[in-house]
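Everything below belongs to structure.txt, which stores compact mmCIF, C-alpha atoms.
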# COMPACT_ATOMS: atom_id res chain seq x y z
CA MET A 1 -23.15 -28.34 3.88
CA SER A 2 -20.97 -26.67 1.33
CA TRP A 3 -17.47 -27.31 2.62
CA ASP A 4 -14.91 -29.74 1.24
CA GLY A 5 -12.80 -29.67 4.36
CA TRP A 6 -11.76 -27.64 7.38
CA LEU A 7 -9.22 -25.58 5.47
CA GLU A 8 -11.83 -24.44 3.01
CA PHE A 9 -14.19 -23.72 5.88
CA LEU A 10 -11.55 -21.57 7.56
CA GLN A 11 -10.80 -19.72 4.34
CA MET A 12 -14.45 -18.63 4.02
CA GLY A 13 -14.20 -18.12 0.28
CA GLY A 14 -11.44 -15.54 0.73
CA TYR A 15 -13.36 -13.59 3.37
CA ALA A 16 -11.72 -15.21 6.41
CA LEU A 17 -10.66 -11.85 7.89
CA HIS A 18 -14.15 -10.38 7.58
CA VAL A 19 -16.15 -13.41 8.70
CA TRP A 20 -13.90 -14.59 11.55
CA GLY A 21 -13.16 -11.00 12.52
CA SER A 22 -16.90 -10.60 13.04
CA TYR A 23 -17.58 -13.91 14.76
CA LEU A 24 -14.57 -14.00 17.11
CA VAL A 25 -15.13 -10.51 18.45
CA VAL A 26 -18.38 -11.75 20.05
CA PRO A 27 -16.79 -14.20 22.54
CA ALA A 28 -14.11 -11.57 23.16
CA VAL A 29 -16.50 -8.80 24.23
CA VAL A 30 -18.78 -11.24 26.05
CA SER A 31 -15.76 -12.46 28.07
CA ILE A 32 -14.80 -8.88 28.88
CA GLU A 33 -18.34 -8.12 30.04
CA ILE A 34 -18.48 -11.24 32.25
CA VAL A 35 -15.09 -10.48 33.82
CA LEU A 36 -16.16 -6.88 34.53
CA LEU A 37 -19.43 -8.14 36.07
CA ARG A 38 -17.56 -10.57 38.33
CA LEU A 39 -15.17 -7.82 39.45
CA ARG A 40 -18.11 -5.53 40.21
CA ARG A 41 -19.89 -8.28 42.14
CA ASN A 42 -16.76 -9.16 44.10
CA ALA A 43 -16.27 -5.48 44.93
CA ILE A 44 -19.75 -5.11 46.44
CA TYR A 45 -19.48 -8.50 48.19
CA GLY A 46 -16.20 -7.31 49.69
CA HIS A 47 -17.76 -4.03 50.74
CA LEU A 48 -20.60 -5.88 52.47
CA GLY A 49 -18.21 -8.34 54.07
CA TRP A 50 -19.80 -11.27 52.23
CA ARG A 51 -17.66 -14.20 51.36
CA ARG A 52 -18.40 -16.20 48.25
CA ASP A 53 -18.32 -19.59 50.04
CA GLU A 54 -20.80 -18.44 52.68
CA LEU A 55 -23.48 -17.84 50.08
CA LYS A 56 -25.34 -20.68 48.53
CA GLY A 57 -26.14 -19.93 44.91
CA ALA A 58 -25.65 -16.21 45.33
CA MET B 1 -48.12 14.06 44.25
CA LEU B 2 -46.85 11.13 42.25
CA LEU B 3 -49.07 9.49 39.68
CA SER B 4 -48.57 6.17 41.45
CA GLU B 5 -49.79 7.66 44.74
CA LYS B 6 -52.88 9.04 43.04
CA LEU B 7 -53.64 5.58 41.69
CA LEU B 8 -53.13 4.01 45.10
CA LEU B 9 -55.36 6.61 46.75
CA HIS B 10 -58.01 5.93 44.18
CA GLY B 11 -58.14 2.47 45.67
CA LYS B 12 -57.90 0.55 42.43
CA PHE B 13 -54.45 -0.79 43.06
CA ARG B 14 -54.56 -1.06 46.82
CA ASP B 15 -54.97 -4.84 46.85
CA LEU B 16 -51.93 -5.22 44.58
CA GLU B 17 -49.65 -5.17 47.58
CA ASN B 18 -51.08 -8.46 48.73
CA LYS B 19 -50.49 -10.21 45.44
CA ALA B 20 -47.54 -12.56 45.30
CA TRP B 21 -46.01 -11.03 42.16
CA TYR B 22 -46.06 -7.57 43.66
CA ARG B 23 -43.29 -8.72 45.95
CA TYR B 24 -41.01 -9.10 42.92
CA CYS B 25 -41.44 -5.41 42.04
CA SER B 26 -39.21 -4.42 44.94
CA PRO B 27 -35.40 -4.71 44.75
CA GLN B 28 -35.48 -6.93 47.82
CA GLY B 29 -38.00 -9.35 46.33
CA PHE B 30 -36.47 -9.34 42.86
CA TYR B 31 -32.90 -10.00 43.96
CA PRO B 32 -33.33 -13.77 44.60
CA LEU B 33 -35.65 -14.17 41.58
CA ALA B 34 -32.97 -12.65 39.33
CA GLY B 35 -30.42 -15.03 40.81
CA ALA B 36 -32.64 -17.99 40.01
CA LEU B 37 -33.32 -16.83 36.43
CA ILE B 38 -29.71 -16.16 35.38
CA PRO B 39 -28.50 -19.78 34.86
CA TRP B 40 -31.61 -20.63 32.81
CA LEU B 41 -31.27 -17.55 30.62
CA ALA B 42 -27.56 -18.20 30.11
CA ALA B 43 -28.14 -21.86 29.19
CA ALA B 44 -30.95 -20.91 26.78
CA ALA B 45 -28.75 -18.22 25.21
CA LEU B 46 -25.94 -20.70 24.66
CA THR B 47 -28.32 -23.24 23.12
CA ALA B 48 -29.91 -20.69 20.79
CA CYS B 49 -26.52 -19.33 19.64
CA THR B 50 -25.16 -22.84 19.03
CA ALA B 51 -28.21 -23.65 16.92
CA GLY B 52 -27.93 -20.30 15.13
CA LEU B 53 -24.24 -20.86 14.30
CA TYR B 54 -24.94 -24.36 13.01
CA LEU B 55 -27.79 -23.09 10.82
CA GLY B 56 -25.77 -20.11 9.63
CA PHE B 57 -22.65 -22.03 8.63
CA PHE B 58 -23.93 -25.47 7.65
CA ILE B 59 -27.56 -25.09 6.55
CA ALA B 60 -27.73 -21.63 5.00
CA PRO B 61 -26.34 -21.75 1.44
CA VAL B 62 -23.49 -19.66 0.11
CA ASP B 63 -24.89 -16.30 -0.92
CA ALA B 64 -25.12 -16.23 -4.69
CA ARG B 65 -24.02 -12.61 -5.08
CA GLN B 66 -21.85 -11.83 -2.06
CA GLY B 67 -20.28 -15.19 -1.32
CA GLU B 68 -19.28 -16.31 2.15
CA VAL B 69 -18.98 -12.78 3.52
CA ALA B 70 -22.78 -12.59 3.71
CA ARG B 71 -22.60 -15.00 6.66
CA ILE B 72 -21.73 -11.93 8.74
CA ALA B 73 -25.48 -11.20 8.47
CA PHE B 74 -26.17 -13.89 11.06
CA ILE B 75 -24.31 -11.87 13.63
CA HIS B 76 -24.74 -8.32 12.32
CA ILE B 77 -28.55 -8.35 12.06
CA PRO B 78 -29.18 -10.04 15.46
CA ALA B 79 -26.69 -7.71 17.17
CA SER B 80 -28.32 -4.64 15.59
CA LEU B 81 -31.81 -5.88 16.45
CA ALA B 82 -30.82 -6.68 20.03
CA SER B 83 -29.05 -3.31 20.44
CA MET B 84 -32.32 -1.57 19.56
CA LEU B 85 -34.63 -3.82 21.58
CA VAL B 86 -32.38 -3.50 24.64
CA TYR B 87 -32.53 0.27 24.16
CA LEU B 88 -36.33 0.13 24.04
CA ALA B 89 -36.40 -1.99 27.21
CA MET B 90 -33.97 0.42 28.88
CA ALA B 91 -35.96 3.53 27.91
CA ILE B 92 -39.29 1.98 28.97
CA SER B 93 -37.77 0.85 32.29
CA ALA B 94 -36.29 4.29 32.87
CA GLY B 95 -39.64 5.87 31.97
CA ILE B 96 -41.49 3.65 34.47
CA GLY B 97 -38.87 4.56 37.05
CA LEU B 98 -39.44 8.26 36.31
CA VAL B 99 -43.25 8.28 36.27
CA PHE B 100 -43.98 5.82 39.07
CA ASN B 101 -40.86 6.50 41.08
CA ALA B 102 -40.20 2.76 40.89
CA ARG B 103 -36.69 2.06 42.15
CA LEU B 104 -36.35 -1.39 40.61
CA ALA B 105 -37.29 -0.12 37.13
CA ALA B 106 -34.72 2.67 37.34
CA MET B 107 -32.09 0.16 38.45
CA ALA B 108 -33.03 -2.19 35.59
CA ALA B 109 -32.47 0.62 33.08
CA GLN B 110 -29.04 1.20 34.57
CA ALA B 111 -28.29 -2.54 34.35
CA LEU B 112 -29.32 -2.79 30.69
CA ALA B 113 -27.24 0.11 29.37
CA PRO B 114 -23.71 -1.42 29.27
CA THR B 115 -24.96 -4.61 27.61
CA GLY B 116 -26.82 -2.49 25.06
CA LEU B 117 -23.66 -0.53 24.36
CA MET B 118 -21.77 -3.80 23.88
CA LEU B 119 -24.38 -4.99 21.34
CA THR B 120 -24.19 -1.64 19.54
CA PHE B 121 -20.42 -2.01 19.34
CA LEU B 122 -20.86 -5.53 17.87
CA SER B 123 -23.32 -4.17 15.31
CA LEU B 124 -20.93 -1.41 14.22
CA TRP B 125 -17.87 -3.67 14.22
CA THR B 126 -19.46 -6.42 12.14
CA GLY B 127 -21.03 -3.76 9.92
CA CYS B 128 -17.59 -2.36 9.13
CA LEU B 129 -16.21 -5.81 8.31
CA TRP B 130 -19.20 -6.63 6.12
CA GLY B 131 -19.16 -3.17 4.58
CA LYS B 132 -15.55 -3.37 3.38
CA PRO B 133 -16.28 -5.77 0.48
CA ASN B 134 -19.73 -4.28 -0.13
CA TRP B 135 -18.91 -0.59 -0.03
CA GLY B 136 -15.17 -0.75 -0.73
CA SER B 137 -14.64 1.09 2.54
CA TRP B 138 -14.71 0.25 6.25
CA TRP B 139 -17.17 3.04 6.91
CA VAL B 140 -19.84 4.74 4.85
CA TRP B 141 -22.30 7.28 6.22
CA ASN B 142 -25.84 6.24 5.56
CA LEU B 143 -28.99 6.30 7.63
CA GLN B 144 -28.24 3.01 9.40
CA THR B 145 -24.63 3.71 10.29
CA TYR B 146 -25.63 7.21 11.34
CA SER B 147 -28.48 6.08 13.59
CA GLU B 148 -26.57 3.13 15.07
CA SER B 149 -23.78 5.60 15.93
CA VAL B 150 -26.35 7.86 17.57
CA LEU B 151 -27.56 4.82 19.53
CA ALA B 152 -24.00 4.26 20.78
CA PHE B 153 -23.80 7.89 21.92
CA LEU B 154 -27.19 7.63 23.65
CA TYR B 155 -25.96 4.60 25.59
CA ILE B 156 -22.70 6.39 26.43
CA GLY B 157 -24.65 9.50 27.48
CA PHE B 158 -26.99 7.45 29.67
CA ILE B 159 -24.12 5.59 31.35
CA GLY B 160 -22.22 8.87 31.71
CA LEU B 161 -25.15 10.54 33.48
CA GLN B 162 -25.47 7.62 35.92
CA THR B 163 -21.76 7.87 36.68
CA ALA B 164 -21.51 11.65 36.83
CA ILE B 165 -24.51 12.36 39.08
CA GLU B 166 -23.80 11.04 42.55
CA ASP B 167 -27.38 11.10 43.81
CA SER B 168 -28.82 7.94 42.23
CA HIS B 169 -32.37 9.35 42.36
CA TRP B 170 -31.49 12.37 40.22
CA ALA B 171 -29.19 10.31 38.02
CA GLY B 172 -32.13 8.03 37.27
CA LYS B 173 -34.38 10.97 36.38
CA ALA B 174 -31.82 12.64 34.11
CA GLY B 175 -31.02 9.33 32.42
CA ALA B 176 -34.70 8.59 31.87
CA LEU B 177 -35.27 11.90 30.08
CA LEU B 178 -32.30 11.25 27.79
CA ALA B 179 -33.41 7.66 27.12
CA LEU B 180 -37.00 8.68 26.34
CA ALA B 181 -35.87 11.46 24.00
CA GLY B 182 -33.64 8.99 22.17
CA ILE B 183 -36.42 6.46 21.71
CA LEU B 184 -37.65 8.55 18.78
CA GLY B 185 -34.63 7.41 16.81
CA ILE B 186 -35.42 3.69 17.01
CA PRO B 187 -38.21 3.57 14.36
CA VAL B 188 -35.90 5.51 12.03
CA ILE B 189 -33.33 2.70 12.07
CA PHE B 190 -36.01 0.05 11.58
CA ALA B 191 -37.68 1.92 8.73
CA ALA B 192 -34.37 2.72 7.10
CA VAL B 193 -33.10 -0.84 6.53
CA PRO B 194 -35.18 -1.74 3.45
CA SER B 195 -36.26 1.69 2.21
CA TRP B 196 -33.00 3.59 1.97
CA THR B 197 -32.21 4.28 -1.65
CA ILE B 198 -28.57 3.34 -1.31
CA GLN B 199 -28.56 -0.32 -0.32
CA HIS B 200 -27.27 -0.48 3.25
CA GLN B 201 -25.48 -3.80 2.98
CA GLY B 202 -25.98 -6.08 0.01
CA ALA B 203 -29.30 -7.87 0.43
CA LEU B 204 -29.01 -11.58 1.09
CA SER B 205 -29.67 -13.51 -2.06
CA GLY B 206 -29.58 -17.14 -0.93
CA ALA B 207 -28.47 -19.94 -3.20
CA THR B 208 -30.43 -18.79 -6.21
CA GLY B 209 -29.64 -15.09 -6.37
CA ALA B 210 -33.23 -14.07 -5.65
CA THR B 211 -33.35 -11.36 -3.01
CA GLY B 212 -34.85 -12.45 0.29
CA PHE B 213 -34.22 -14.79 3.17
CA GLY B 214 -34.32 -18.53 2.60
CA ALA B 215 -35.49 -20.88 5.36
CA GLY B 216 -31.93 -21.58 6.55
CA GLU B 217 -31.01 -17.91 6.69
CA LEU B 218 -34.23 -16.98 8.48
CA ALA B 219 -33.90 -19.78 11.03
CA SER B 220 -30.31 -18.77 11.78
CA LEU B 221 -31.27 -15.09 12.14
CA LEU B 222 -34.12 -15.96 14.51
CA ALA B 223 -32.00 -18.31 16.64
CA MET B 224 -29.12 -15.84 16.88
CA SER B 225 -31.46 -12.94 17.69
CA LEU B 226 -33.08 -15.00 20.43
CA GLY B 227 -29.66 -16.01 21.73
CA PHE B 228 -28.43 -12.40 21.84
CA LEU B 229 -31.58 -11.23 23.63
CA LEU B 230 -31.37 -14.08 26.18
CA TYR B 231 -27.71 -13.27 26.77
CA ALA B 232 -28.59 -9.59 27.23
CA GLY B 233 -31.20 -10.65 29.78
CA ALA B 234 -28.74 -12.80 31.72
CA ALA B 235 -26.00 -10.13 31.70
CA ALA B 236 -28.45 -7.37 32.68
CA LEU B 237 -29.81 -9.45 35.57
CA LEU B 238 -26.27 -10.14 36.80
CA ARG B 239 -25.58 -6.42 36.70
CA LEU B 240 -28.96 -5.62 38.26
CA ARG B 241 -28.05 -7.77 41.27
CA CYS B 242 -24.86 -5.71 41.67
CA VAL B 243 -26.78 -2.42 41.30
CA ILE B 244 -29.37 -3.57 43.88
CA LEU B 245 -26.69 -4.44 46.43
CA GLU B 246 -24.78 -1.22 45.75
CA ARG B 247 -27.84 0.98 46.22
CA GLU B 248 -29.41 -0.96 49.10
CA ARG B 249 -26.20 -1.78 50.97
CA GLN B 250 -27.37 0.09 54.06
CA SER B 251 -30.77 -1.58 54.26
CA ASP B 252 -31.76 -4.26 56.74
CA TRP B 253 -32.53 -6.98 54.22
CA VAL B 254 -29.02 -6.81 52.74
CA ALA B 255 -27.55 -7.07 56.23
CA ARG B 256 -29.77 -10.06 57.00
CA ARG B 257 -28.81 -11.88 53.80
CA ARG B 258 -25.27 -12.52 54.96
CA SER B 259 -26.14 -15.82 56.54
CA GLY B 260 -29.49 -16.16 54.85
CA ALA B 261 -30.96 -18.13 51.96
CA PRO B 262 -29.69 -17.76 48.35

Take the structure I supplied and represent it as structure tokens, if you would.
Amino acid sequence: MSWDGWLEFLQMGGYALHVWGSYLVVPAVVSIEIVLLRLRRNAIYGHLGWRRDELKGA
Amino acid sequence: MLLSEKLLLHGKFRDLENKAWYRYCSPQGFYPLAGALIPWLAAAALTACTAGLYLGFFIAPVDARQGEVARIAFIHIPASLASMLVYLAMAISAGIGLVFNARLAAMAAQALAPTGLMLTFLSLWTGCLWGKPNWGSWWVWNLQTYSESVLAFLYIGFIGLQTAIEDSHWAGKAGALLALAGILGIPVIFAAVPSWTIQHQGALSGATGATGFGAGELASLLAMSLGFLLYAGAAALLRLRCVILERERQSDWVARRRSGAP
């Protein structure tokens, strides 16, 4: 543990833009991928006439 | 005649059809198995990434030469590694689909590609952000950036072929040839990281300044790599279930599932 407080942690030794720009883009693209997957799944469910609440664990 | 048919005629693999696991080699059999695996893979991915982040930010020391910016390594290296391993898995799957005419394998390759492209994007993005203080520029052409860019174009080409060719059988064959040709590039990226004369990114130097990974750095890299690969597995299985339903929508088993078991 090398931090003297949250502010110093957030500053990342002056590299906040680089470090947080790298780390925060991961949840961003993962969220996009999950949303796209849900849309794709809902599209095929709709095409098949499946309703989400009819399917257990599907 | 297909190679798989020759093997079946030879008799060696005839009893395989009776084995329980053989059932999971068909889209119909694999669909519920994939559904059961996804929550476990996702939970394991989350656990591994949480551990990796903790190790990377609170256990690994400040890099003696580069400072805090070297913590990007804990996301850049696992993303790069996963982007290549997912490509290998995709190319091998596509190859199995091509040689054995195995539908599930061809579908798996199709399901892996977008997640692989996402990991490649993460590798390039974090590489640019790490490169800025190291190289003085957001982008520098060297063997790694070149080959990771090629990897991105291979993924885009593979996805493009699947989208452009309407007949999924031919799309799978064309994609497999592209993926297998591209596999030759993977060892180049691996070999290039330490041996390239111009240092790719600054090497990690731990707390002491000696080049090499300390225990904290290594543990974080391993946990994050595992987390990324588990996530890729979960996302690919989610997509594979969509691909299976899309391709098999006219089959009896899909019709029967409407009121059926999970």

Counting all atoms listed in the file, I want the residues whose atoms come within 6 Å of (-28.2, 8.7, 35.6) in the file frame, returned as a ChimeraX atom specification. /B:161-162,171-172,174-175

Quick one: distance from atom CA of B:Ala234 to atom CA of B:Leu37 in Å, one decimal?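 Atom CA of B:Leu37 lies at a distance of 7.7 Å from atom CA of B:Ala234.
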
Which of these residues is nearest to A:Phe9, using only C-alpha atoms: B:Leu33, B:Leu85, B:Val62, B:Ala44? B:Val62

Taking the point (-21.7, -13.5, 24.6) as given in the file, collect each protein or nucleic acid residue that comes within 9 Å of it, counting only C-alpha atoms, and present the set as a PyMOL selection string. (chain A and resi 26-31+33-34) or (chain B and resi 45-46+227-228+231-232+235)

Residue contacts of stretch 16-20 of chain A (7 Å, only C-alpha atoms) excluding same-chain residues fewer than 5 positions away, as a count of residues only: 7

Select all residues from chain B having any atom no more than 9 Å from an atom of chain A (counting only C-alpha atoms, ignoring ligands), output as a VMD selection string. chain B and resid 32 35 to 36 57 to 62 67 to 72 75 to 76 114 to 115 118 122 125 to 130 132 to 133 235 238 to 239 241 to 242 245 to 246 249 254 to 255 257 to 262

Can you work out the spacing between atom CA of B:Val188 and atom CA of B:Tyr146 in Å, to one decimal?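 If I compute the distance from atom CA of B:Val188 to atom CA of B:Tyr146, I get 10.4 Å.
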
Which residue, B:Leu240, B:Ala64, B:Ala181, B:Ala79, has the smallest gap to B:Arg103 when you use all atoms listed in the file?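 Answer, going by the shortest atom-to-atom distance: B:Leu240.
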
For the atom pair atom CA of B:Met224 and atom CA of B:Trp135, what is the interatomic distance in Å to one decimal place?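 About the pair atom CA of B:Met224 and atom CA of B:Trp135: they are 25.0 Å apart.
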
Around all the atoms of stretch 218-234 of chain B listed in the file, with 3 Å of room on each side, what axis-aligned box do you get, giving centre and edge lengths in Å to one decimal, as lines of an AutoDock Vina configuration file?
center_x = -31.0
center_y = -14.7
center_z = 20.1
size_x = 12.5
size_y = 16.2
size_z = 29.2

Take stretch 4-29 of chain A, bring it up to N, CA and C atoms, and give me the output as a compact mmCIF listing (two decimals), in the frame of the given file.
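So result.txt came out as:
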# COMPACT_ATOMS: atom_id res chain seq x y z
N ASP A 4 -15.64 -28.53 1.60
CA ASP A 4 -14.91 -29.74 1.24
C ASP A 4 -13.82 -30.07 2.25
N GLY A 5 -13.81 -29.38 3.35
CA GLY A 5 -12.80 -29.67 4.36
C GLY A 5 -12.64 -28.48 5.27
N TRP A 6 -11.90 -28.71 6.38
CA TRP A 6 -11.76 -27.64 7.38
C TRP A 6 -11.01 -26.44 6.83
N LEU A 7 -10.01 -26.70 5.98
CA LEU A 7 -9.22 -25.58 5.47
C LEU A 7 -10.11 -24.64 4.65
N GLU A 8 -10.94 -25.24 3.83
CA GLU A 8 -11.83 -24.44 3.01
C GLU A 8 -12.84 -23.68 3.87
N PHE A 9 -13.27 -24.37 4.93
CA PHE A 9 -14.19 -23.72 5.88
C PHE A 9 -13.53 -22.49 6.50
N LEU A 10 -12.26 -22.68 6.92
CA LEU A 10 -11.55 -21.57 7.56
C LEU A 10 -11.28 -20.43 6.59
N GLN A 11 -11.11 -20.77 5.32
CA GLN A 11 -10.80 -19.72 4.34
C GLN A 11 -12.01 -18.85 4.02
N MET A 12 -13.20 -19.37 4.21
CA MET A 12 -14.45 -18.63 4.02
C MET A 12 -14.49 -17.93 2.65
N GLY A 13 -14.12 -18.67 1.63
CA GLY A 13 -14.20 -18.12 0.28
C GLY A 13 -13.39 -16.85 0.10
N GLY A 14 -12.29 -16.73 0.85
CA GLY A 14 -11.44 -15.54 0.73
C GLY A 14 -11.84 -14.42 1.67
N TYR A 15 -12.90 -14.63 2.44
CA TYR A 15 -13.36 -13.59 3.37
C TYR A 15 -13.08 -13.96 4.82
N ALA A 16 -12.01 -14.74 5.04
CA ALA A 16 -11.72 -15.21 6.41
C ALA A 16 -11.60 -14.06 7.39
N LEU A 17 -10.87 -13.01 6.99
CA LEU A 17 -10.66 -11.85 7.89
C LEU A 17 -12.00 -11.23 8.30
N HIS A 18 -12.87 -11.06 7.30
CA HIS A 18 -14.15 -10.38 7.58
C HIS A 18 -15.06 -11.27 8.42
N VAL A 19 -15.20 -12.53 8.01
CA VAL A 19 -16.15 -13.41 8.70
C VAL A 19 -15.65 -13.74 10.10
N TRP A 20 -14.40 -14.21 10.21
CA TRP A 20 -13.90 -14.59 11.55
C TRP A 20 -13.65 -13.37 12.41
N GLY A 21 -13.30 -12.25 11.77
CA GLY A 21 -13.16 -11.00 12.52
C GLY A 21 -14.48 -10.57 13.14
N SER A 22 -15.58 -10.92 12.49
CA SER A 22 -16.90 -10.60 13.04
C SER A 22 -17.30 -11.60 14.12
N TYR A 23 -17.08 -12.88 13.83
CA TYR A 23 -17.58 -13.91 14.76
C TYR A 23 -16.73 -14.00 16.03
N LEU A 24 -15.42 -13.81 15.92
CA LEU A 24 -14.57 -14.00 17.11
C LEU A 24 -14.62 -12.82 18.06
N VAL A 25 -15.07 -11.67 17.57
CA VAL A 25 -15.13 -10.51 18.45
C VAL A 25 -16.28 -10.68 19.46
N VAL A 26 -17.24 -11.54 19.13
CA VAL A 26 -18.38 -11.75 20.05
C VAL A 26 -17.92 -12.44 21.35
N PRO A 27 -17.27 -13.63 21.28
CA PRO A 27 -16.79 -14.20 22.54
C PRO A 27 -15.82 -13.29 23.27
N ALA A 28 -15.06 -12.48 22.50
CA ALA A 28 -14.11 -11.57 23.16
C ALA A 28 -14.84 -10.54 24.02
N VAL A 29 -15.83 -9.85 23.44
CA VAL A 29 -16.50 -8.80 24.23
C VAL A 29 -17.40 -9.40 25.30
